[in-house]
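Participant: My structure is stored as start34.txt, with compact mmCIF, C-alpha atoms.
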# COMPACT_ATOMS: atom_id res chain seq x y z
CA ALA A 5 -26.53 -7.68 8.33
CA VAL A 6 -23.97 -7.01 11.06
CA THR A 7 -23.65 -10.71 11.82
CA TYR A 8 -23.01 -11.61 8.19
CA SER A 9 -20.55 -8.72 7.83
CA LYS A 10 -18.54 -9.87 10.83
CA LEU A 11 -18.63 -13.45 9.59
CA GLY A 12 -17.41 -12.29 6.18
CA LEU A 13 -14.48 -10.44 7.76
CA ILE A 14 -13.47 -13.56 9.69
CA GLN A 15 -13.70 -15.72 6.58
CA PHE A 16 -11.73 -13.15 4.60
CA ALA A 17 -8.99 -13.13 7.23
CA LEU A 18 -8.84 -16.93 6.94
CA GLU A 19 -8.57 -16.55 3.13
CA GLN A 20 -11.91 -18.30 2.67
CA LEU A 21 -12.81 -15.97 -0.17
CA GLU A 22 -15.90 -17.72 -1.59
CA PRO A 23 -17.67 -18.04 1.80
CA ALA A 24 -16.62 -14.47 2.65
CA LEU A 25 -18.15 -13.16 -0.56
CA GLU A 26 -21.38 -15.03 0.15
CA SER A 27 -21.53 -13.57 3.67
CA PHE A 28 -20.93 -10.02 2.44
CA GLU A 29 -23.57 -10.41 -0.27
CA ARG A 30 -26.11 -11.64 2.29
CA ALA A 31 -25.27 -8.68 4.51
CA TYR A 32 -25.75 -6.41 1.49
CA LYS A 33 -29.23 -7.78 0.74
CA ILE A 34 -30.35 -7.41 4.35
CA GLN A 35 -28.92 -3.91 4.66
CA ARG A 36 -30.75 -2.77 1.55
CA LEU A 37 -34.03 -4.10 2.92
CA VAL A 38 -33.80 -2.39 6.31
CA ASN A 39 -32.22 0.92 5.19
CA ASN A 40 -32.05 3.16 2.15
CA ASN A 41 -29.33 2.83 -0.44
CA ASN A 42 -27.27 5.76 0.80
CA ASN A 43 -26.21 4.71 4.29
CA LEU A 44 -22.58 4.35 5.24
CA GLU A 45 -22.92 0.82 6.58
CA LEU A 46 -24.05 -0.28 3.12
CA SER A 47 -21.03 1.43 1.56
CA LYS A 48 -18.71 -0.53 3.90
CA ILE A 49 -20.31 -3.81 2.86
CA ILE A 50 -20.01 -2.92 -0.84
CA ASN A 51 -16.35 -2.01 -0.26
CA ASN A 52 -15.76 -5.40 1.38
CA ILE A 53 -17.42 -7.14 -1.56
CA GLY A 54 -15.12 -5.25 -3.92
CA VAL A 55 -11.98 -6.12 -1.94
CA THR A 56 -12.97 -9.79 -1.84
CA GLN A 57 -13.58 -9.81 -5.59
CA TYR A 58 -10.17 -8.20 -6.08
CA GLN A 59 -8.53 -10.97 -4.06
CA ARG A 60 -10.38 -13.54 -6.20
CA GLY A 61 -9.01 -11.92 -9.35
CA ASP A 62 -12.32 -10.45 -10.52
CA ILE A 63 -10.86 -7.00 -11.18
CA SER A 64 -13.76 -5.53 -13.17
CA SER A 65 -16.40 -6.45 -10.59
CA ALA A 66 -14.14 -5.24 -7.81
CA LEU A 67 -13.72 -1.82 -9.40
CA LYS A 68 -17.45 -1.52 -10.07
CA ASN A 69 -18.30 -2.16 -6.42
CA LEU A 70 -15.59 0.13 -5.07
CA ILE A 71 -16.87 2.97 -7.26
CA GLU A 72 -20.42 2.34 -5.99
CA SER A 73 -19.18 2.38 -2.40
CA LEU A 74 -17.34 5.67 -2.97
CA GLU A 75 -20.40 7.29 -4.56
CA ILE A 76 -22.37 6.66 -1.35
CA GLN A 77 -19.52 7.92 0.82
CA ARG A 78 -19.15 11.13 -1.22
CA LYS A 79 -22.73 12.13 -0.35
CA TRP A 80 -21.82 12.03 3.32
CA LEU A 81 -18.52 13.84 2.78
CA ASN A 82 -20.30 16.68 0.98
CA GLY A 83 -22.86 17.07 3.77
CA PRO A 84 -22.92 19.79 6.44
CA ILE A 85 -20.92 17.65 8.88
CA ARG A 86 -17.69 15.88 7.85
CA ARG A 87 -16.84 13.25 10.44
CA GLU A 88 -13.34 11.81 10.68
CA SER A 89 -14.77 8.29 10.47
CA ASN A 90 -16.44 9.15 7.14
CA VAL A 91 -13.20 10.62 5.81
CA TYR A 92 -11.31 7.52 6.88
CA GLU A 93 -13.79 5.10 5.25
CA ALA A 94 -13.78 7.04 1.97
CA SER A 95 -9.98 7.16 1.94
CA VAL A 96 -9.85 3.40 2.49
CA THR A 97 -12.15 2.86 -0.50
CA LEU A 98 -10.00 5.18 -2.62
CA CYS A 99 -6.84 3.31 -1.62
CA ASN A 100 -8.52 0.03 -2.56
CA MET A 101 -9.42 1.55 -5.93
CA GLY A 102 -5.79 2.56 -6.34
CA LYS A 103 -4.72 -1.06 -5.87
CA VAL A 104 -7.23 -2.23 -8.46
CA TYR A 105 -6.05 0.36 -10.99
CA LEU A 106 -2.46 -0.77 -10.38
CA GLU A 107 -3.54 -4.32 -11.16
CA LYS A 108 -5.00 -3.00 -14.43
CA ASN A 109 -1.69 -1.20 -15.14
CA ASP A 110 -3.61 2.09 -15.17
CA TYR A 111 -0.99 4.04 -13.25
CA ASP A 112 -2.53 7.47 -13.85
CA MET A 113 -5.89 6.47 -12.35
CA SER A 114 -4.11 4.70 -9.52
CA PHE A 115 -2.21 7.90 -8.74
CA TYR A 116 -5.40 9.98 -8.82
CA ALA A 117 -7.17 7.59 -6.44
CA TYR A 118 -4.26 7.61 -3.99
CA GLU A 119 -3.89 11.39 -4.30
CA GLU A 120 -7.58 11.98 -3.53
CA ALA A 121 -7.30 9.67 -0.53
CA LEU A 122 -4.35 11.73 0.69
CA MET A 123 -6.19 15.02 0.18
CA LEU A 124 -9.13 13.74 2.21
CA GLN A 125 -6.89 12.50 5.00
CA THR A 126 -4.81 15.67 5.30
CA SER A 127 -8.04 17.65 5.68
CA SER A 128 -8.80 15.78 8.90
CA PHE A 129 -5.65 14.04 10.16
CA LYS A 130 -2.15 15.10 11.18
CA LYS A 131 0.65 14.76 8.64
CA ASP A 132 2.20 11.84 10.53
CA HIS A 133 -1.09 9.95 10.88
CA ASN A 134 -0.83 6.30 9.87
CA ALA A 135 -3.40 6.71 7.10
CA VAL A 136 -1.58 9.74 5.66
CA LEU A 137 1.79 7.96 5.64
CA LEU A 138 0.20 4.90 4.05
CA SER A 139 -1.31 7.01 1.27
CA LEU A 140 2.03 8.73 0.65
CA GLY A 141 3.63 5.31 0.38
CA ASN A 142 0.93 4.24 -2.06
CA ILE A 143 1.55 7.33 -4.20
CA ALA A 144 5.28 6.59 -4.21
CA PHE A 145 4.63 3.01 -5.27
CA ALA A 146 2.35 4.16 -8.10
CA LYS A 147 5.00 6.64 -9.23
CA ALA A 148 7.64 3.90 -9.21
CA LYS A 149 5.40 1.58 -11.26
CA LYS A 150 4.87 4.39 -13.77
CA GLY A 151 8.63 4.74 -14.12
CA GLU A 152 9.04 7.94 -12.11
CA LYS A 153 11.72 6.44 -9.86
CA SER A 154 13.29 9.67 -8.64
CA LYS A 155 9.94 11.15 -7.61
CA ALA A 156 8.98 7.91 -5.88
CA LEU A 157 12.27 7.91 -3.99
CA GLN A 158 11.76 11.51 -2.92
CA ILE A 159 8.33 10.66 -1.48
CA TYR A 160 9.63 7.56 0.29
CA LYS A 161 12.37 9.64 1.91
CA GLY A 162 9.74 12.03 3.25
CA VAL A 163 7.66 9.13 4.55
CA HIS A 164 10.73 7.64 6.20
CA ARG A 165 11.56 10.91 7.97
CA ALA A 166 8.03 11.11 9.32
CA GLN A 167 8.14 7.47 10.46
CA VAL A 168 11.47 7.97 12.22
CA GLY A 169 10.05 11.02 13.97
CA ARG A 170 6.95 9.19 15.11
CA PHE A 171 8.02 5.58 15.61
CA GLY A 172 11.83 5.71 15.77
CA ALA A 173 14.60 4.76 13.34
CA GLY A 174 14.46 1.12 14.40
CA SER A 175 10.71 0.75 13.96
CA ARG A 176 9.19 -1.81 11.63
CA GLU A 177 7.43 0.97 9.68
CA ALA A 178 10.64 2.91 9.04
CA VAL A 179 12.59 -0.20 8.08
CA GLU A 180 9.90 -1.35 5.64
CA THR A 181 10.16 1.99 3.85
CA ILE A 182 13.97 1.65 3.75
CA GLY A 183 13.44 -1.74 2.11
CA LEU A 184 11.19 -0.21 -0.56
CA MET A 185 13.80 2.49 -1.18
CA SER A 186 16.41 -0.20 -1.73
CA VAL A 187 14.30 -1.69 -4.53
CA ILE A 188 14.20 1.63 -6.35
CA TYR A 189 17.92 2.15 -5.88
CA ILE A 190 18.51 -1.28 -7.44
CA GLN A 191 16.24 -0.40 -10.36
CA GLN A 192 18.21 2.81 -10.85
CA GLY A 193 21.49 0.90 -10.77
CA ASN A 194 22.53 2.72 -7.60
CA PHE A 195 23.82 -0.40 -5.88
CA ASN A 196 25.87 1.36 -3.20
CA ASP A 197 22.87 3.17 -1.74
CA ALA A 198 20.81 -0.01 -2.08
CA ILE A 199 23.41 -1.88 -0.02
CA LYS A 200 23.31 0.81 2.68
CA CYS A 201 19.53 0.47 2.89
CA LEU A 202 19.65 -3.31 2.99
CA PHE A 203 22.21 -3.30 5.81
CA GLN A 204 19.68 -1.29 7.86
CA VAL A 205 17.01 -3.84 6.98
CA LEU A 206 19.32 -6.70 7.91
CA THR A 207 20.13 -5.11 11.27
CA TRP A 208 16.41 -4.91 12.08
CA GLN A 209 15.80 -8.47 10.89
CA LYS A 210 18.58 -9.87 13.07
CA ALA A 211 17.16 -8.07 16.09
CA ASN A 212 13.54 -9.06 15.52
CA LEU A 213 13.45 -12.34 13.59
CA ASP A 214 14.65 -15.87 14.22
CA GLU A 215 18.27 -16.25 13.07
CA HIS A 216 17.22 -18.90 10.53
CA HIS A 217 14.36 -16.82 9.09
CA LEU A 218 14.15 -16.88 5.30
CA ALA A 219 13.99 -13.07 5.11
CA ILE A 220 17.45 -12.79 6.68
CA ARG A 221 18.93 -15.24 4.17
CA ASN A 222 17.28 -13.38 1.28
CA THR A 223 18.59 -10.01 2.45
CA LYS A 224 22.11 -11.38 2.88
CA ARG A 225 21.99 -12.96 -0.56
CA THR A 226 20.80 -9.71 -2.16
CA ILE A 227 23.56 -7.73 -0.44
CA ARG A 228 26.14 -10.26 -1.61
CA LYS A 229 24.93 -10.07 -5.21
CA LEU A 230 24.92 -6.29 -5.15
CA LYS A 231 28.47 -6.21 -3.81
CA GLN A 232 29.53 -8.54 -6.61
CA ALA A 233 27.86 -6.24 -9.14
CA VAL A 234 29.61 -3.20 -7.65
CA ASN A 235 32.99 -4.98 -7.76
CA ALA A 236 32.42 -6.13 -11.33
CA LYS A 237 31.46 -2.62 -12.36
CA SER A 238 34.54 -1.16 -10.66
CA PHE A 239 36.76 -3.74 -12.36
CA SER A 240 35.20 -2.90 -15.71
CA VAL A 241 35.85 0.81 -15.22
CA VAL A 242 39.48 0.17 -14.21
CA LYS A 243 39.98 -2.12 -17.20
CA LYS A 244 38.64 0.51 -19.58
CA LYS A 245 41.00 3.11 -18.15
CA VAL A 246 43.98 0.80 -18.48
CA TYR A 247 43.30 -0.36 -22.03
CA HIS A 248 41.69 2.75 -23.44
Spell out the structure here as structure tokens.
Facilitator:
Amino acid sequence: AVTYSKLGLIQFALEQLEPALESFERAYKIQRLVNNNNNLELSKIINNIGVTQYQRGDISSALKNLIESLEIQRKWLNGPIRRESNVYEASVTLCNMGKVYLEKNDYDMSFYAYEEALMLQTSSFKKDHNAVLLSLGNIAFAKAKKGEKSKALQIYKGVHRAQVGRFGAGSREAVETIGLMSVIYIQQGNFNDAIKCLFQVLTWQKANLDEHHLAIRNTKRTIRKLKQAVNAKSFSVVKKKVYH
């Protein structure tokens, strides 16, 4: 089972989804034969099957398998000993479920999955643990998709502060969050703050990417368009005042 699981992970990384699914399913059959149906290794395999199905676009099957994986993991979480590794695996499954619910446009269920993942993680990990920050980011994203832009922005700001404290202001993690904040600012029509965020992103890109990288051109183009929108808006306001 271990051999097929490892093979499936390699194939998944190479985006060979069909062979990966076959490998995971073979690992699943073997694992069920040699162990009972409630072991954690089996839950990992079922989770991997669900993630692969999600990548293939089979959302219903993906969700079904992720729920089955979580049901096994819950039995271990509710036992006398709660290991950090068990908490981590269950939170990963919950985060995967959150992604699937987002794909189904079920933002409430997505939020609940991400929130439960966060609650599990904060019971075992520090507040600036990678998994905790990732779950907070997921919650913010779900809030933004639901239309709660201000709440999403508030969460992202908290995540960014934690990332700056742990990794530094110029870290990839902190800059990625700044980029996500810029998207929400744009959606809110707050172009000035979006431009400020994007300038921070551009500074990081220039320092870490090839000068001809597509991401740099895209960021510059977005900043240019936002500046044009700000100027047009300012001109419109001035014109209204003059001809009112």
Participant: What gap, in Å, lies between atom CA of A:Ala166 and atom CA of A:Leu70?
Facilitator: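 Interatomic distance, atom CA of A:Ala166 to atom CA of A:Leu70: 29.8 Å.
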Participant: Skip A:Arg165 itself and residues of its chain fewer than 2 positions away, then list as a PyMOL selection string all residues within 12 Å of it, counting all atoms listed in the file.
Facilitator: chain A and resi 131-132+137+158-163+167-173+175+177-179+181-182
Participant: Residues around (-17.4, 6.5, -1.2), cut-off 9 Å, counting only C-alpha atoms - what are they as a VMD selection string?
Facilitator: chain A and resid 44 47 to 48 51 70 to 81 90 93 to 98
Participant: Could you tell me which of A:Gly174, A:Gln191, A:Cys99, A:Val91 comes closest to A:Gln209 if we count only C-alpha atoms?
Facilitator: A:Gly174
Participant: Near stretch 138-146 of chain A, counting only C-alpha atoms, which residues have an atom at most 7 Å away, once you skip same-chain residues fewer than 5 positions from it, shown as an mmCIF file with C-alpha atoms, in the frame of the given file?
Facilitator:
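The resulting file, out-v2.cif, is reproduced below:
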data_model
loop_
_atom_site.group_PDB
_atom_site.id
_atom_site.type_symbol
_atom_site.label_atom_id
_atom_site.label_comp_id
_atom_site.auth_asym_id
_atom_site.auth_seq_id
_atom_site.Cartn_x
_atom_site.Cartn_y
_atom_site.Cartn_z
ATOM 1 C CA TYR A 111 -0.990 4.040 -13.250
ATOM 2 C CA SER A 114 -4.110 4.700 -9.520
ATOM 3 C CA PHE A 115 -2.210 7.900 -8.740
ATOM 4 C CA TYR A 118 -4.260 7.610 -3.990
ATOM 5 C CA GLU A 119 -3.890 11.390 -4.300
ATOM 6 C CA ALA A 121 -7.300 9.670 -0.530
ATOM 7 C CA LEU A 122 -4.350 11.730 0.690
ATOM 8 C CA ALA A 156 8.980 7.910 -5.880
ATOM 9 C CA ILE A 159 8.330 10.660 -1.480
ATOM 10 C CA TYR A 160 9.630 7.560 0.290
ATOM 11 C CA VAL A 163 7.660 9.130 4.550
#
Participant: Please compute the atom CA of A:Asn39-atom CA of A:Phe16 distance, one decimal, in Å.
Facilitator: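 These atoms are spaced 24.9 Å apart.
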Participant: Considering only C-alpha atoms, return as a list in words whatever protein or nucleic-acid residues lie within 12 Å of A:Glu29, sequence-local ones (same chain, fewer than 4 positions apart) excluded.
Facilitator: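 Those residues are Ala5, Val6, Tyr8, Ser9, Leu11, Gly12, Glu22, Pro23, Ala24, Leu25, Lys33, Ile34, Gln35, Arg36, Leu46, Lys48, Ile49, Ile50, Asn51, Asn52, Ile53, Gly54, Thr56, Gln57 and Asn69 of chain A.
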Participant: Name the residues, using the chain letters and numbers of the file, that sit within 8 Å of (15.3, 4.0, -2.8) when counting all atoms listed in the file, and give them as an MDAnalysis selection string.
Facilitator: chainID A and resid 157 160:161 182:190 197:198 201
Participant: Restricting it to C-alpha atoms, dump the selection as a PDB file, in the frame of the given file.
Facilitator:
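Saved file out-v9.pdb follows:
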ATOM      1  CA  LEU A 157      12.270   7.910  -3.990  1.00  0.00           C
ATOM      2  CA  TYR A 160       9.630   7.560   0.290  1.00  0.00           C
ATOM      3  CA  LYS A 161      12.370   9.640   1.910  1.00  0.00           C
ATOM      4  CA  ILE A 182      13.970   1.650   3.750  1.00  0.00           C
ATOM      5  CA  GLY A 183      13.440  -1.740   2.110  1.00  0.00           C
ATOM      6  CA  LEU A 184      11.190  -0.210  -0.560  1.00  0.00           C
ATOM      7  CA  MET A 185      13.800   2.490  -1.180  1.00  0.00           C
ATOM      8  CA  SER A 186      16.410  -0.200  -1.730  1.00  0.00           C
ATOM      9  CA  VAL A 187      14.300  -1.690  -4.530  1.00  0.00           C
ATOM     10  CA  ILE A 188      14.200   1.630  -6.350  1.00  0.00           C
ATOM     11  CA  TYR A 189      17.920   2.150  -5.880  1.00  0.00           C
ATOM     12  CA  ILE A 190      18.510  -1.280  -7.440  1.00  0.00           C
ATOM     13  CA  ASP A 197      22.870   3.170  -1.740  1.00  0.00           C
ATOM     14  CA  ALA A 198      20.810  -0.010  -2.080  1.00  0.00           C
ATOM     15  CA  CYS A 201      19.530   0.470   2.890  1.00  0.00           C
TER      16      CYS A 201
END
Participant: What's the separation between atom CA of A:Glu215 and atom CA of A:Leu230, in Å to one decimal place?
Facilitator: 21.8 Å
Participant: Using only C-alpha atoms, find the one residue out of A:Asn212, A:Thr126, A:Asn134, A:Tyr58 that sits nearest to A:Asn100.
Facilitator: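 Looking only at the distances to A:Asn100, the closest residue turns out to be A:Tyr58.
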Participant: Compare A:Leu206, A:Thr7, A:Ser154, A:Leu21 by their minimum atom-to-atom distance to A:Leu218, counting all atoms listed in the file, and give me the closest one.
Facilitator: A:Leu206
Participant: Using only C-alpha atoms, find the one residue out of A:Gln204, A:Phe28, A:Arg176, A:Gly193 that sits nearest to A:Gln15.
Facilitator: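 For A:Gln15, the nearest of the candidates is A:Phe28.
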Participant: Taking all atoms listed in the file into account, name the residue in A:Gln59, A:Leu202, A:Asn196, A:His217 that is nearest to A:Ala233.
Facilitator: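 With all atoms listed in the file as the atom set, the closest residue is A:Asn196.
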Participant: Hey, which of A:Lys155, A:Asp62, A:Ser89, A:Met113 ends up closest to A:Phe129? Count only C-alpha atoms.
Facilitator: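 The shortest atom-to-atom distance to A:Phe129 comes from A:Ser89.
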Participant: Please, can stretch 9-38 of chain A be completed to N, CA and C atoms and returned as a compact mmCIF listing (two decimals), in the frame of the given file?
Facilitator:
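Saved to selection_33.txt:
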# COMPACT_ATOMS: atom_id res chain seq x y z
N SER A 9 -21.74 -9.53 8.11
CA SER A 9 -20.55 -8.72 7.83
C SER A 9 -19.37 -9.18 8.66
N LYS A 10 -19.62 -9.41 9.95
CA LYS A 10 -18.54 -9.87 10.83
C LYS A 10 -18.05 -11.25 10.41
N LEU A 11 -19.00 -12.12 10.04
CA LEU A 11 -18.63 -13.45 9.59
C LEU A 11 -17.78 -13.36 8.32
N GLY A 12 -18.17 -12.47 7.41
CA GLY A 12 -17.41 -12.29 6.18
C GLY A 12 -15.98 -11.82 6.44
N LEU A 13 -15.83 -10.94 7.42
CA LEU A 13 -14.48 -10.44 7.76
C LEU A 13 -13.61 -11.56 8.32
N ILE A 14 -14.21 -12.42 9.14
CA ILE A 14 -13.47 -13.56 9.69
C ILE A 14 -13.05 -14.51 8.58
N GLN A 15 -14.00 -14.81 7.69
CA GLN A 15 -13.70 -15.72 6.58
C GLN A 15 -12.65 -15.12 5.65
N PHE A 16 -12.72 -13.81 5.45
CA PHE A 16 -11.73 -13.15 4.60
C PHE A 16 -10.35 -13.25 5.22
N ALA A 17 -10.27 -13.04 6.53
CA ALA A 17 -8.99 -13.13 7.23
C ALA A 17 -8.40 -14.53 7.14
N LEU A 18 -9.27 -15.53 7.06
CA LEU A 18 -8.84 -16.93 6.94
C LEU A 18 -8.63 -17.33 5.49
N GLU A 19 -8.75 -16.34 4.58
CA GLU A 19 -8.57 -16.55 3.13
C GLU A 19 -9.61 -17.49 2.55
N GLN A 20 -10.77 -17.53 3.19
CA GLN A 20 -11.91 -18.30 2.67
C GLN A 20 -12.74 -17.33 1.82
N LEU A 21 -12.27 -17.06 0.62
CA LEU A 21 -12.81 -15.97 -0.17
C LEU A 21 -14.25 -16.22 -0.66
N GLU A 22 -14.54 -17.42 -1.10
CA GLU A 22 -15.90 -17.72 -1.59
C GLU A 22 -16.93 -17.57 -0.47
N PRO A 23 -16.72 -18.22 0.70
CA PRO A 23 -17.67 -18.04 1.80
C PRO A 23 -17.75 -16.58 2.25
N ALA A 24 -16.62 -15.88 2.24
CA ALA A 24 -16.62 -14.47 2.65
C ALA A 24 -17.49 -13.64 1.71
N LEU A 25 -17.36 -13.89 0.41
CA LEU A 25 -18.15 -13.16 -0.56
C LEU A 25 -19.64 -13.43 -0.37
N GLU A 26 -19.98 -14.68 -0.10
CA GLU A 26 -21.38 -15.03 0.15
C GLU A 26 -21.92 -14.31 1.38
N SER A 27 -21.11 -14.24 2.43
CA SER A 27 -21.53 -13.57 3.67
C SER A 27 -21.74 -12.08 3.43
N PHE A 28 -20.81 -11.45 2.72
CA PHE A 28 -20.93 -10.02 2.44
C PHE A 28 -22.16 -9.75 1.56
N GLU A 29 -22.42 -10.62 0.60
CA GLU A 29 -23.57 -10.41 -0.27
C GLU A 29 -24.88 -10.58 0.48
N ARG A 30 -24.93 -11.51 1.45
CA ARG A 30 -26.11 -11.64 2.29
C ARG A 30 -26.31 -10.41 3.17
N ALA A 31 -25.21 -9.91 3.70
CA ALA A 31 -25.27 -8.68 4.51
C ALA A 31 -25.78 -7.52 3.66
N TYR A 32 -25.34 -7.47 2.41
CA TYR A 32 -25.75 -6.41 1.49
C TYR A 32 -27.27 -6.46 1.25
N LYS A 33 -27.80 -7.64 1.00
CA LYS A 33 -29.23 -7.78 0.74
C LYS A 33 -30.06 -7.35 1.94
N ILE A 34 -29.62 -7.76 3.13
CA ILE A 34 -30.35 -7.41 4.35
C ILE A 34 -30.28 -5.91 4.60
N GLN A 35 -29.10 -5.34 4.42
CA GLN A 35 -28.92 -3.91 4.66
C GLN A 35 -29.77 -3.07 3.73
N ARG A 36 -29.92 -3.50 2.51
CA ARG A 36 -30.75 -2.77 1.55
C ARG A 36 -32.23 -2.85 1.91
N LEU A 37 -32.63 -3.94 2.54
CA LEU A 37 -34.03 -4.10 2.92
C LEU A 37 -34.40 -3.22 4.12
N VAL A 38 -33.48 -3.11 5.07
CA VAL A 38 -33.80 -2.39 6.31
C VAL A 38 -33.46 -0.91 6.25
